[in-house]
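File shown: final_37.cif (mmCIF, C-alpha atoms).
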data_data
loop_
_atom_site.label_atom_id
_atom_site.label_comp_id
_atom_site.auth_asym_id
_atom_site.auth_seq_id
_atom_site.Cartn_x
_atom_site.Cartn_y
_atom_site.Cartn_z
CA MET A 20 -22.69 -17.84 -35.20
CA ALA A 21 -19.17 -16.72 -35.92
CA GLY A 22 -19.47 -14.26 -33.10
CA THR A 23 -20.58 -17.04 -30.78
CA VAL A 24 -17.59 -19.18 -31.70
CA SER A 25 -15.27 -16.28 -31.17
CA ARG A 26 -16.75 -15.63 -27.73
CA GLY A 27 -16.41 -19.30 -26.83
CA GLU A 28 -12.80 -19.26 -27.92
CA ARG A 29 -12.07 -16.27 -25.75
CA ASP A 30 -13.64 -17.70 -22.60
CA PRO A 31 -10.88 -20.27 -21.91
CA ASP A 32 -8.26 -17.57 -22.43
CA GLU A 33 -10.07 -15.23 -20.05
CA ALA A 34 -10.38 -17.97 -17.43
CA ARG A 35 -6.70 -18.80 -17.85
CA ARG A 36 -5.69 -15.15 -17.44
CA PHE A 37 -7.85 -14.88 -14.34
CA LEU A 38 -6.25 -18.00 -12.80
CA ILE A 39 -2.82 -16.62 -13.60
CA GLY A 40 -3.92 -13.39 -11.94
CA LEU A 41 -4.88 -15.34 -8.81
CA GLY A 42 -1.45 -16.96 -8.79
CA ARG A 43 0.22 -13.58 -9.12
CA GLY A 44 -2.01 -12.26 -6.37
CA ALA A 45 -0.97 -15.06 -4.03
CA ALA A 46 2.69 -14.45 -4.88
CA GLY A 47 2.24 -10.72 -4.37
CA ALA A 48 0.55 -11.23 -1.01
CA LEU A 49 3.45 -13.41 0.08
CA ILE A 50 6.24 -11.20 -1.26
CA PHE A 51 4.84 -7.91 0.00
CA GLY A 52 3.55 -9.42 3.24
CA VAL A 53 6.67 -11.32 4.35
CA PRO A 54 8.24 -8.38 6.27
CA MET A 55 5.18 -8.15 8.50
CA LEU A 56 4.53 -11.88 8.64
CA MET A 57 8.02 -12.29 10.13
CA THR A 58 7.78 -9.35 12.55
CA MET A 59 7.34 -10.34 16.17
CA GLU A 60 5.61 -7.09 17.15
CA LEU A 61 2.80 -7.84 14.69
CA TRP A 62 2.20 -11.24 16.28
CA PHE A 63 1.66 -9.59 19.67
CA LEU A 64 -0.37 -6.74 18.18
CA GLY A 65 -2.87 -9.22 16.87
CA PHE A 66 -3.45 -10.26 20.47
CA TYR A 67 -3.64 -6.97 22.39
CA ILE A 68 -4.63 -4.33 19.81
CA GLU A 69 -7.95 -2.74 20.69
CA ARG A 70 -10.59 -4.33 18.49
CA TYR A 71 -12.24 -1.09 17.41
CA ARG A 72 -8.92 0.18 16.05
CA LEU A 73 -8.35 -3.06 14.19
CA LEU A 74 -11.90 -3.00 12.86
CA LEU A 75 -11.45 0.58 11.65
CA LEU A 76 -8.25 -0.40 9.86
CA LEU A 77 -9.96 -3.33 8.16
CA ILE A 78 -12.91 -1.18 7.11
CA ALA A 79 -10.66 1.62 5.83
CA ASN A 80 -8.74 -0.93 3.78
CA ILE A 81 -11.86 -1.93 1.80
CA PRO A 82 -12.39 1.29 -0.22
CA LEU A 83 -8.63 1.55 -0.64
CA LEU A 84 -8.56 -1.92 -2.21
CA ILE A 85 -11.54 -1.14 -4.42
CA LEU A 86 -9.91 2.01 -5.79
CA LEU A 87 -6.61 0.19 -6.20
CA ALA A 88 -8.33 -2.73 -7.93
CA HIS A 89 -9.81 -0.27 -10.41
CA ARG A 90 -6.21 0.64 -11.27
CA VAL A 91 -4.49 -2.78 -11.11
CA GLY A 92 -6.90 -5.69 -10.65
CA PHE A 93 -6.49 -9.36 -11.53
CA GLU A 94 -8.16 -8.54 -14.81
CA GLU A 95 -8.65 -5.16 -16.45
CA THR A 96 -11.65 -3.62 -14.72
CA PHE A 97 -14.13 -1.41 -16.53
CA THR A 98 -16.84 -1.12 -13.85
CA TRP A 99 -16.85 -0.61 -10.11
CA ARG A 100 -18.57 -3.99 -9.73
CA GLU A 101 -15.52 -5.66 -11.25
CA ALA A 102 -13.24 -3.61 -9.02
CA ILE A 103 -15.21 -4.69 -5.94
CA ARG A 104 -14.91 -8.30 -7.12
CA ASP A 105 -11.13 -8.01 -7.46
CA ALA A 106 -10.81 -6.27 -4.09
CA THR A 107 -12.82 -9.05 -2.42
CA ILE A 108 -10.66 -11.72 -4.05
CA ALA A 109 -7.50 -9.91 -2.96
CA TYR A 110 -8.73 -9.77 0.63
CA GLY A 111 -9.59 -13.47 0.49
CA ILE A 112 -6.14 -14.35 -0.87
CA ALA A 113 -4.50 -12.23 1.83
CA LEU A 114 -6.47 -13.95 4.61
CA VAL A 115 -5.61 -17.42 3.32
CA MET A 116 -1.91 -16.66 2.78
CA SER A 117 -1.59 -14.93 6.16
CA ALA A 118 -3.26 -17.81 7.99
CA LEU A 119 -1.11 -20.37 6.17
CA VAL A 120 2.23 -18.63 6.78
CA LEU A 121 1.48 -17.79 10.42
CA THR A 122 0.52 -21.41 11.00
CA LEU A 123 3.76 -22.61 9.41
CA PHE A 124 5.70 -20.20 11.63
CA GLY A 125 3.98 -21.54 14.72
CA SER A 126 2.39 -18.14 15.47
CA ILE A 127 -1.06 -19.73 15.22
CA ARG A 128 -1.67 -22.87 17.26
CA PRO A 129 -4.79 -24.92 18.06
CA ASP A 130 -4.57 -23.99 21.76
CA MET A 131 -4.90 -20.24 21.08
CA LEU A 132 -8.07 -18.28 21.67
CA LEU A 133 -10.13 -17.68 18.56
CA MET A 134 -9.98 -13.87 19.00
CA GLU A 135 -6.19 -13.97 19.14
CA VAL A 136 -6.01 -16.06 15.97
CA LEU A 137 -8.44 -13.80 14.13
CA GLY A 138 -6.59 -10.68 15.29
CA LYS A 139 -3.25 -11.96 14.03
CA ILE A 140 -4.65 -12.95 10.65
CA ALA A 141 -6.67 -9.76 10.21
CA ILE A 142 -3.82 -7.37 10.92
CA GLN A 143 -1.50 -9.25 8.54
CA ALA A 144 -4.14 -9.34 5.83
CA VAL A 145 -4.08 -5.56 5.31
CA PRO A 146 -0.60 -5.27 3.74
CA ALA A 147 -0.95 -8.73 2.18
CA SER A 148 -4.14 -7.66 0.40
CA ILE A 149 -2.37 -4.63 -1.06
CA GLY A 150 0.44 -6.95 -2.16
CA ALA A 151 -2.08 -9.30 -3.75
CA LEU A 152 -3.30 -6.51 -6.01
CA LEU A 153 0.19 -5.21 -6.69
CA GLY A 154 1.16 -8.71 -7.79
CA ARG A 155 -0.57 -8.14 -11.11
CA SER A 156 1.43 -5.04 -12.01
CA GLN A 157 4.73 -6.21 -10.55
CA LEU A 158 4.72 -9.90 -11.49
CA GLY A 159 3.01 -9.70 -14.86
CA GLY A 160 4.70 -11.17 -17.89
CA GLU A 161 4.92 -9.85 -21.40
CA LEU A 162 1.80 -8.09 -22.63
CA ASP A 163 0.57 -8.28 -26.16
CA LYS A 164 0.33 -5.04 -28.10
CA SER A 165 -3.33 -4.42 -27.34
CA GLU A 166 -2.90 -5.08 -23.62
CA GLN A 167 0.20 -2.92 -23.52
CA GLN A 168 -1.65 -0.09 -25.20
CA ASP A 169 -4.52 -0.45 -22.72
CA GLU A 170 -2.10 -0.31 -19.80
CA GLU A 171 -0.43 2.79 -21.22
CA ASN A 172 -3.80 4.44 -21.71
CA LYS A 173 -4.84 3.61 -18.14
CA GLY A 174 -1.54 4.88 -16.79
CA SER A 175 -1.92 8.09 -18.74
CA GLU A 176 -5.47 8.53 -17.48
CA VAL A 177 -4.45 8.01 -13.87
CA SER A 178 -1.47 10.33 -14.08
CA THR A 179 -3.65 13.23 -15.15
CA GLY A 180 -6.02 12.97 -12.17
CA TYR A 181 -4.79 15.00 -9.21
CA GLY A 182 -6.97 13.14 -6.73
CA ARG A 183 -5.75 9.79 -8.05
CA GLU A 184 -2.14 10.95 -7.74
CA LEU A 185 -2.67 11.70 -4.06
CA PHE A 186 -4.50 8.40 -3.62
CA MET A 187 -1.57 6.45 -5.07
CA MET A 188 0.74 8.32 -2.71
CA ALA A 189 -1.50 7.36 0.21
CA VAL A 190 -1.35 3.68 -0.80
CA GLY A 191 2.45 3.73 -0.96
CA ALA A 192 2.71 5.58 2.34
CA LEU A 193 0.32 3.19 4.06
CA PHE A 194 2.10 0.11 2.79
CA LEU A 195 5.60 1.10 3.92
CA SER A 196 4.47 2.65 7.21
CA LEU A 197 2.57 -0.54 8.11
CA ASN A 198 5.81 -2.46 7.72
CA VAL A 199 7.82 -0.44 10.22
CA ALA A 200 5.32 1.30 12.55
CA PRO A 201 4.81 -1.72 14.85
CA THR A 202 8.55 -2.04 15.56
CA GLU A 203 10.21 -0.61 18.66
CA GLU A 204 12.88 1.01 16.51
CA ILE A 205 10.52 3.85 15.53
CA ILE A 206 10.14 4.85 19.18
CA LEU A 207 13.84 4.34 19.91
CA ILE A 208 14.93 6.51 16.98
CA ALA A 209 12.49 9.25 17.97
CA PHE A 210 13.82 9.38 21.54
CA LYS A 211 17.43 9.53 20.33
CA MET A 212 16.76 12.46 18.01
CA THR A 213 17.11 16.12 18.92
CA PRO A 214 14.74 18.74 17.43
CA TRP A 215 17.46 19.58 14.90
CA HIS A 216 17.64 15.94 13.86
CA ALA A 217 13.88 15.92 13.38
CA ILE A 218 13.97 19.07 11.23
CA ALA A 219 16.81 17.66 9.14
CA LEU A 220 14.92 14.37 8.64
CA LEU A 221 11.79 16.27 7.62
CA VAL A 222 13.72 18.26 5.01
CA LEU A 223 15.48 15.13 3.76
CA SER A 224 12.16 13.30 3.40
CA ILE A 225 10.72 16.10 1.27
CA VAL A 226 13.86 16.38 -0.87
CA LEU A 227 14.01 12.63 -1.48
CA MET A 228 10.31 12.52 -2.23
CA HIS A 229 10.63 15.26 -4.84
CA GLY A 230 13.77 13.72 -6.30
CA PHE A 231 12.23 10.28 -6.66
CA VAL A 232 9.36 11.57 -8.74
CA TYR A 233 10.75 14.48 -10.71
CA ALA A 234 14.52 14.82 -10.56
CA VAL A 235 15.65 11.22 -11.10
CA ALA A 236 14.73 9.57 -14.39
CA PHE A 237 13.11 6.41 -13.01
CA ARG A 238 10.67 4.51 -15.18
CA GLY A 239 7.17 5.76 -14.51
CA THR A 240 8.23 9.14 -13.17
CA HIS A 241 6.69 12.42 -14.28
CA GLU A 242 8.66 14.61 -16.62
CA LEU A 243 8.08 18.34 -16.44
CA THR A 244 7.91 20.38 -19.61
CA LYS A 245 10.36 23.22 -20.11
CA GLU A 246 7.53 25.71 -19.74
CA THR A 247 6.60 24.39 -16.29
CA PRO A 248 8.38 26.18 -13.44
CA GLY A 249 10.24 23.97 -11.00
CA TRP A 250 8.24 25.16 -8.00
CA HIS A 251 4.96 24.08 -9.60
CA ALA A 252 5.49 20.34 -9.08
CA PHE A 253 6.97 20.96 -5.63
CA ILE A 254 3.96 22.95 -4.43
CA ARG A 255 1.30 20.91 -6.25
CA PHE A 256 2.55 17.36 -5.66
CA THR A 257 5.56 17.03 -3.36
CA LEU A 258 4.33 19.07 -0.39
CA PRO A 259 0.75 17.69 -0.50
CA GLY A 260 2.24 14.23 -0.90
CA TYR A 261 4.33 14.71 2.23
CA VAL A 262 1.27 15.93 4.12
CA VAL A 263 -0.51 12.74 3.01
CA ALA A 264 2.45 10.66 4.20
CA ILE A 265 2.43 12.38 7.62
CA ALA A 266 -1.34 11.94 7.94
CA ILE A 267 -1.04 8.23 7.11
CA SER A 268 1.83 7.92 9.60
CA LEU A 269 -0.24 9.49 12.38
CA TYR A 270 -3.16 7.20 11.63
CA VAL A 271 -0.99 4.07 11.63
CA LEU A 272 0.74 5.13 14.86
CA TRP A 273 -2.67 5.71 16.47
CA THR A 274 -3.94 2.33 15.25
CA PHE A 275 -1.01 0.56 16.88
CA GLY A 276 -1.38 2.54 20.11
CA ARG A 277 1.87 4.44 19.71
CA LEU A 278 0.27 7.82 20.47
CA ASP A 279 -1.48 6.88 23.72
CA ASP A 280 -0.48 9.12 26.65
CA VAL A 281 2.26 10.77 24.62
CA ALA A 282 3.11 14.49 24.62
CA PHE A 283 2.50 16.53 21.47
CA GLY A 284 6.22 17.05 20.83
CA GLN A 285 6.87 13.32 20.94
CA ILE A 286 3.88 12.65 18.68
CA LEU A 287 5.32 15.08 16.13
CA THR A 288 8.73 13.40 16.30
CA PHE A 289 7.18 9.94 15.93
CA ALA A 290 5.29 11.15 12.85
CA ILE A 291 8.44 12.64 11.29
CA VAL A 292 10.39 9.43 11.89
CA LEU A 293 7.67 7.22 10.41
CA GLY A 294 7.07 9.85 7.73
CA PHE A 295 10.53 9.12 6.33
CA PRO A 296 9.67 5.62 5.00
CA ALA A 297 6.07 6.72 4.37
CA SER A 298 7.20 9.57 2.11
CA ILE A 299 9.51 7.24 0.18
CA GLY A 300 6.62 4.82 -0.21
CA ALA A 301 4.38 7.64 -1.40
CA ALA A 302 6.91 8.73 -4.00
CA ALA A 303 7.63 5.20 -5.14
CA ALA A 304 3.94 4.34 -5.51
CA ARG A 305 3.79 5.86 -9.01
CA LEU A 306 6.87 3.83 -9.98
CA ILE A 307 5.25 0.60 -8.76
CA LEU A 308 1.72 1.26 -9.98
#
Would it be possible to restate this file's structure as structure tokens?
Amino acid sequence: MAGTVSRGERDPDEARRFLIGLGRGAAGALIFGVPMLMTMELWFLGFYIERYRLLLLLIANIPLLILLAHRVGFEETFTWREAIRDATIAYGIALVMSALVLTLFGSIRPDMLLMEVLGKIAIQAVPASIGALLGRSQLGGELDKSEQQDEENKGSEVSTGYGRELFMMAVGALFLSLNVAPTEEIILIAFKMTPWHAIALLVLSIVLMHGFVYAVAFRGTHELTKETPGWHAFIRFTLPGYVVAIAISLYVLWTFGRLDDVAFGQILTFAIVLGFPASIGAAAARLIL
């Protein structure tokens, strides 16, 4: 009976924490989604983007959210079913917040075609859904000792998995690249650059990426032991992380139609330009998550 009372006492607290998590998710969706919600190019993309590309982006975002929810959900997740639940909730929050904000901005009106409205909401919901999940880790308050210990244990577990490290980098790269890829400035910068500019930007991206994670003592960064050679982290994490950032950049550019009828040299330059914020996002992902 005592156990039953204890369980009943915990249920209101669990419900309260879940509701707080929903509030943080809504705030996260708004905070992380505002740059795209206020970007004119995204409003037009929702209208003319080819539907199969948009559908592929939405589908690809689902497993990403599930894996991310397993790391930072609205509640601590122990099973994949709970992670799927949190990912679904995050997507729902993102859709609602995107529709609400776009309506307030006048980007969605009653006289618009349904496909245009759905396209605008769907494309905005991708970064907003990531923000909804990040809201828990970024907007959380003080944790009690047991929760803090659990978070430290989870963080330690994630940091030791090489595949999870690359996944976190992909999330960070996707989030930042989605914010800037639709803008005309990416194309303008690429056309202004010479090949030497592109090479210099590539080198700078890699150097900054390595410095963010290993050279600068930010909270959440990885510290190398004295026995570990300096090239080990560079070869094992920084270079693969930059490859991930470039791959994400190419995919995002393709999704937004930036690579259509473009020469290979220009495609490479576009990827290097977008790879600059993507690589910073990839490096910063471990700091955020």
Shortest interatomic distance to Thr98 in chain A - which of A:Ala189, A:His229, A:Ile85, A:Phe295, counting all atoms listed in the file: A:Ile85
Separation of CA of Asn80 in chain A from CA of Val145 in chain A in Å: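 One can read the CA of Val145 in chain A to CA of Asn80 in chain A distance as 6.7 Å.
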Could you pull out every residue with an atom within 12 Å of (0.1, -1.1, 6.0), file coordinates, counting only C-alpha atoms, and send them as an MDAnalysis selection string? chainID A and resid 51:52 54:56 61 73 76:77 79:80 83:84 141:150 189:201 267:268 270:272 274:275 296:297 300
What's the separation between CA of Phe256 in chain A and CA of Leu185 in chain A, in Å to one decimal place?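 Atom-to-atom, CA of Phe256 in chain A and CA of Leu185 in chain A are spaced 7.9 Å apart.
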Expressed in Å to a single decimal, how great is the separation between CA of Leu38 in chain A and CA of Leu86 in chain A?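 Going from CA of Leu38 in chain A over to CA of Leu86 in chain A covers 21.5 Å.
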On this structure, which residues satisfy the PyMOL selection byres ((chain A and resi 206-208) around 12), written as a ChimeraX atom specification? /A:199-205,209-213,216-217,220,272,276-278,281,285-293,295
Rank A:Gly111, A:Phe253, A:Trp62, A:Leu121 by their smallest atom-to-atom distance to Ile81 in chain A, using all atoms listed in the file, and report the top residue only. A:Gly111
Using all atoms listed in the file, which of A:Glu60, A:Pro82, A:Ile127, A:Ala48 sits nearest Val115 in chain A? A:Ala48
Quick one: apply the PyMOL selection byres ((chain A and resi 106) around 6) to the file and drop the selected residues here as a ChimeraX atom specification. /A:84-85,88,103-105,107-109
Nearest to Tyr181 in chain A by atom-to-atom distance, counting all atoms listed in the file, from A:Ile265, A:Asp130, A:Arg255, A:Ala34: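 The answer is A:Arg255, which sits nearest to Tyr181 in chain A.
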Would you please work out which residue, of A:Phe66, A:Arg35, A:Ala264, A:Leu41, is nearest to Ile112 in chain A when using only C-alpha atoms?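 Comparing A:Phe66, A:Arg35, A:Ala264, A:Leu41 against Ile112 in chain A, the winner is A:Leu41.
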